[in-house]
Amino acid sequence: MVIHQHLSIPTLQFDQYLLRLIQKKDIKSIHNHINDWNIAKMLSDVPFPYSQELLEKWFETTLQQIKAGQSYHFSIIDTQTNPDTVVGCIGLTLNMAEQSAKIGYWVAQRYWGNNIATRALKRLTNWALANLNINYIHATAADDNIASITVLKKCDFQPYGQGKEKFLARAVEQPVSYFLLQREDICPNNLTPNQNIYTSKEKKILLVVAAALIDIEGRLLLARRPEGKSMAGMWEFPGGKVEPGETPETALIRELKEEINVDISKSCLAPFTFASHEYQDFHLLMPLYVCHRWKNDPIPREKQQLAWVTANELDRYLVLEADKPFIPLLKDLLF
Ligand SMILES: Nc1nc2c([nH]c(=O)n2[C@@H]2O[C@H](COP(=O)(O)OP(=O)(O)OP(=O)(O)O)[C@@H](O)[C@H]2O)c(=O)[nH]1
């Protein structure tokens with residue numbers, strides 16, 4: 001799988017609700033909900049009244065953007081009432097050059113007070129930072145939109161500035177606040193408790209082993225940390241912690257089998273370089289081995305995405321901080 005190819009976009013569930021991509025059959029319901037002054041006045045690009053014709057045009061453009069992998073717009077569905085009951089919408093528009101996305105959402109007035117926006121925002125931001133090629137998500141809220149500002153703060157968005165923006169429904173410029181959510185805000189690279197910790201006077205040292213698997217076409221295998229793990233969405237080299245009683249090589253052979261189902265023998269592991277990197281809570285010491293031979297095609301066994309990457313493509317992948325010094329060395333090796 002290559003990261004700029006389009007993802008298969010899942011349906012994202014939370015409690016009794018789900019987020020599924022917008023569909024044409026939602027138009028009528030969305031039109032009814034959004035044609036409400038209390039909703040329209042808070043959305044900068046929604047006029048009031050909002051004609052169905054204009055909404056249909058927005059739908060067409062948005063569906064094209066979704067097809068092109070440039071945006072992700074979901075209807076929020078309440079599964080307990082009716083599988084077609086739309087209670088609101090939430091959408092992300094990507095800025096590929098900045099590796100960022102802008103998020104916007106609304107919930108129909110009759111469903112207010114159920115914490116739906118907060119839960120939908122958490123669900124979508126967690127998924128997006130783990131699965132899209134982005135580093136941060138930003139949002140804008142009108143300063144009188146106290147409910148939305150509260151939702152953003154509950155979801156760990158940090159305020160980073162203020163400005164003025166035109167709101168179509170109000171036909172005036174409106175003071176707004178800007179908010180930002182970075183990967184580190186939702187999943188810091190914390191140390192998970194493990195026996196493999198050597199205490200130094202300063203920081204605990206964590207010994208991890210990793211492999212650069214290179215195939216016959218000269219491509220390198222990267223794995224993406226899945227949703228739920230610290231630093232979800234960042235790319236890394238397959239591997240893991242050295243357990244008590246293991247050598248680095250036996251640990252790596254075990255990890256590669258567990259994570260990607262490949263069988264490797266010790267003689268195929270060539271020490272290449274190492275990382276010695278200070279994270280906030282621990283100091284990582286990580287030998288990196290190069291390997292050209294193994295048995296079985298790598299398959300993701302821990303819900304992680306895998307990517308075979310050429311030297312030219314390497315810079316597009318957001319790798320963990322400790323791995324950054326590996327990239328120029330590996331490019332030299334692959335070219
Ligand atoms: N496997 C691997 N880990 C890396 C790399 N770079 C890097 O900083 N690490 C760090 O080394 C540690 C690896 O531990 P791990 O793979 O066993 O554990 P994990 O955090 O994925 O999950 P877990 O502790 O819940 O099992 C993590 O803190 C990870 O952030 C890398 O290229 N490969």
# chains A, B, ... in the order shown; residues from 1 in each chain; ligands from 1
>>> closest_atom_pairs(of="segment 211-248 of chain A", to="segment 129-150 of chain A", cutoff="10 Å", atoms="only C-alpha atoms", output="tab-separated table")
residue	atom	partner	partner_atom	distance
A:Arg224	CA	A:Ala130	CA	8.1
A:Arg225	CA	A:Ala130	CA	7.2
A:Pro226	CA	A:Ala130	CA	6.1
A:Glu227	CA	A:Ala130	CA	5.2
A:Gly228	CA	A:Ala130	CA	8.4
A:Lys229	CA	A:Ala130	CA	9.0
A:Ser230	CA	A:Ala130	CA	9.9
A:Met231	CA	A:Ala130	CA	8.0
A:Ala232	CA	A:Ala130	CA	4.7
A:Gly233	CA	A:Ala130	CA	3.5
A:Met234	CA	A:Ala130	CA	7.3
A:Trp235	CA	A:Ala130	CA	9.8
>>> residues_around(residues="Trp58 of chain A", least_positions_apart="6", cutoff="12 Å", atoms="only C-alpha atoms", output="list of chain:residue names")
A:Ile22, A:Lys24, A:Ile27, A:Ile30, A:His31, A:Asp45, A:Val46, A:Tyr50, A:Ser51, A:Gln52, A:Gln64, A:Gln65, A:His73
>>> closest_atom_pairs(of="chain A", to="ligand 1", cutoff="10 Å", atoms="only C-alpha atoms and all ligand atoms", output="tab-separated table")
residue	atom	partner	partner_atom_place_in_ligand_line	distance
A:Pro188	CA	ligand 1	30 (O)	9.6
A:Asn189	CA	ligand 1	30 (O)	6.1
A:Asn190	CA	ligand 1	28 (O)	7.0
A:Leu191	CA	ligand 1	28 (O)	6.2
A:Thr192	CA	ligand 1	24 (O)	5.1
A:Pro193	CA	ligand 1	24 (O)	7.6
A:Asn194	CA	ligand 1	24 (O)	7.7
A:Leu206	CA	ligand 1	11 (O)	7.6
A:Leu207	CA	ligand 1	11 (O)	7.9
A:Val208	CA	ligand 1	11 (O)	5.7
A:Val209	CA	ligand 1	1 (N)	6.7
A:Ala210	CA	ligand 1	33 (N)	5.2
A:Ala211	CA	ligand 1	33 (N)	7.8
A:Ala212	CA	ligand 1	32 (O)	8.9
A:Leu222	CA	ligand 1	32 (O)	8.4
A:Ala223	CA	ligand 1	33 (N)	8.3
A:Arg224	CA	ligand 1	33 (N)	9.6
A:Arg225	CA	ligand 1	21 (O)	7.0
A:Pro226	CA	ligand 1	21 (O)	8.9
A:Gly228	CA	ligand 1	25 (O)	9.0
A:Lys229	CA	ligand 1	22 (O)	6.3
A:Ser230	CA	ligand 1	20 (O)	6.3
A:Met231	CA	ligand 1	30 (O)	7.0
A:Ala232	CA	ligand 1	21 (O)	9.2
A:Met234	CA	ligand 1	30 (O)	9.1
A:Trp235	CA	ligand 1	32 (O)	7.4
A:Glu236	CA	ligand 1	32 (O)	3.8
A:Phe237	CA	ligand 1	32 (O)	3.8
A:Pro238	CA	ligand 1	1 (N)	4.9
A:Gly239	CA	ligand 1	1 (N)	3.8
A:Gly240	CA	ligand 1	17 (O)	3.5
A:Lys241	CA	ligand 1	17 (O)	4.2
A:Val242	CA	ligand 1	17 (O)	7.8
A:Glu243	CA	ligand 1	17 (O)	9.3
A:Leu252	CA	ligand 1	1 (N)	9.3
A:Glu255	CA	ligand 1	17 (O)	8.3
A:Leu256	CA	ligand 1	1 (N)	9.6
A:Glu259	CA	ligand 1	16 (O)	9.4
A:Ala275	CA	ligand 1	6 (N)	8.2
A:Ser276	CA	ligand 1	8 (O)	9.4
A:His277	CA	ligand 1	8 (O)	7.7
A:Glu278	CA	ligand 1	8 (O)	9.3
A:Tyr279	CA	ligand 1	8 (O)	8.1
A:Asp281	CA	ligand 1	28 (O)	9.6
A:Phe282	CA	ligand 1	28 (O)	8.6
A:His283	CA	ligand 1	8 (O)	9.4
A:Leu284	CA	ligand 1	11 (O)	6.6
A:Leu285	CA	ligand 1	11 (O)	8.4
A:Met286	CA	ligand 1	6 (N)	7.5
A:Pro287	CA	ligand 1	32 (O)	9.6
A:Leu288	CA	ligand 1	32 (O)	8.1
A:Val319	CA	ligand 1	32 (O)	7.7
A:Leu320	CA	ligand 1	8 (O)	5.4
A:Glu321	CA	ligand 1	8 (O)	6.3
A:Ala322	CA	ligand 1	8 (O)	4.7
A:Asp323	CA	ligand 1	6 (N)	5.4
A:Lys324	CA	ligand 1	6 (N)	9.0
A:Phe326	CA	ligand 1	32 (O)	9.2
>>> atom_distance(atom1="atom CA of Gly218 of chain A", atom2="atom CA of Ala311 of chain A")
8.2 Å
>>> closest_atom_pairs(of="segment 8-67 of chain A", to="segment 157-181 of chain A", cutoff="10 Å", atoms="only C-alpha atoms", output="CSV")
residue,atom,partner,partner_atom,distance
A:Trp37,CA,A:Ala169,CA,8.1
A:Ile39,CA,A:Ala169,CA,9.7
A:Ala40,CA,A:Ala169,CA,6.2
A:Lys41,CA,A:Ala169,CA,5.3
A:Met42,CA,A:Phe167,CA,7.7
A:Leu43,CA,A:Phe167,CA,6.8
A:Ser44,CA,A:Phe167,CA,4.1
A:Asp45,CA,A:Leu168,CA,5.7
A:Val46,CA,A:Leu168,CA,5.9
A:Pro47,CA,A:Ala169,CA,4.3
A:Phe48,CA,A:Ala169,CA,4.8
A:Pro49,CA,A:Ala169,CA,7.7
A:Tyr50,CA,A:Ala169,CA,8.9
>>> write_last_selection(atoms="C-alpha atoms", output="mmCIF file, in the first residue's frame")
data_model
loop_
_atom_site.group_PDB
_atom_site.id
_atom_site.type_symbol
_atom_site.label_atom_id
_atom_site.label_comp_id
_atom_site.auth_asym_id
_atom_site.auth_seq_id
_atom_site.Cartn_x
_atom_site.Cartn_y
_atom_site.Cartn_z
ATOM 1 C CA TRP A 37 -30.365 30.280 11.498
ATOM 2 C CA ILE A 39 -26.652 26.516 12.608
ATOM 3 C CA ALA A 40 -26.061 28.589 9.479
ATOM 4 C CA LYS A 41 -24.836 31.671 11.361
ATOM 5 C CA MET A 42 -22.008 29.626 12.926
ATOM 6 C CA LEU A 43 -20.700 28.161 9.631
ATOM 7 C CA SER A 44 -18.613 30.632 7.651
ATOM 8 C CA ASP A 45 -19.395 29.286 4.173
ATOM 9 C CA VAL A 46 -23.119 28.547 4.560
ATOM 10 C CA PRO A 47 -25.559 31.208 3.275
ATOM 11 C CA PHE A 48 -28.990 31.728 4.794
ATOM 12 C CA PRO A 49 -31.413 30.707 3.498
ATOM 13 C CA TYR A 50 -29.550 27.840 1.847
#
>>> select_by_dssp(residues="segment 229-303 of chain A", states="alpha helix (DSSP H)", output="list in words")
Pro248, Glu249, Thr250, Ala251, Leu252, Ile253, Arg254, Glu255, Leu256, Lys257, Glu258, Glu259 and Ile260 of chain A
>>> closest_atom_pairs(of="segment 144-218 of chain A", to="segment 292-302 of chain A", cutoff="8 Å", atoms="only C-alpha atoms", output="CSV")
residue,atom,partner,partner_atom,distance
A:Leu213,CA,A:His292,CA,6.0
A:Ile214,CA,A:His292,CA,5.2
A:Asp215,CA,A:His292,CA,6.1
A:Ile216,CA,A:His292,CA,7.6
>>> write_last_selection(atoms="N, CA and C atoms", output="mmCIF file, in the first residue's frame")
data_model
loop_
_atom_site.group_PDB
_atom_site.id
_atom_site.type_symbol
_atom_site.label_atom_id
_atom_site.label_comp_id
_atom_site.auth_asym_id
_atom_site.auth_seq_id
_atom_site.Cartn_x
_atom_site.Cartn_y
_atom_site.Cartn_z
ATOM 1 N N LEU A 213 13.853 -3.887 6.175
ATOM 2 C CA LEU A 213 13.709 -4.972 5.197
ATOM 3 C C LEU A 213 13.758 -4.363 3.802
ATOM 4 N N ILE A 214 14.638 -4.875 2.961
ATOM 5 C CA ILE A 214 14.768 -4.317 1.603
ATOM 6 C C ILE A 214 14.483 -5.434 0.597
ATOM 7 N N ASP A 215 13.540 -5.185 -0.310
ATOM 8 C CA ASP A 215 13.147 -6.244 -1.246
ATOM 9 C C ASP A 215 14.016 -6.216 -2.517
ATOM 10 N N ILE A 216 13.769 -7.153 -3.445
ATOM 11 C CA ILE A 216 14.654 -7.245 -4.612
ATOM 12 C C ILE A 216 14.534 -6.042 -5.543
#
>>> residues_around(residues="Asp315 of chain A", least_positions_apart="2", cutoff="10 Å", atoms="only C-alpha atoms", output="list in words")
Val309, Thr310, Ala311, Asn312, Glu313, Tyr317, Leu318, Val319, Lys324, Ile327, Pro328 and Lys331 of chain A
>>> write_last_selection(atoms="C-alpha atoms", output="short mmCIF file (atom, residue, chain, number, x, y, z; two decimals), in the first residue's frame")
data_model
loop_
_atom_site.label_atom_id
_atom_site.label_comp_id
_atom_site.auth_asym_id
_atom_site.auth_seq_id
_atom_site.Cartn_x
_atom_site.Cartn_y
_atom_site.Cartn_z
CA VAL A 309 8.91 2.65 -0.19
CA THR A 310 11.53 3.64 -2.76
CA ALA A 311 14.43 5.97 -1.94
CA ASN A 312 12.67 8.82 -3.78
CA GLU A 313 9.48 8.37 -1.80
CA TYR A 317 6.66 9.48 5.08
CA LEU A 318 6.41 10.97 8.55
CA VAL A 319 8.75 8.80 10.60
CA LYS A 324 14.89 10.67 11.22
CA ILE A 327 16.60 8.39 6.36
CA PRO A 328 19.67 9.85 4.57
CA LYS A 331 18.56 6.63 0.88
#
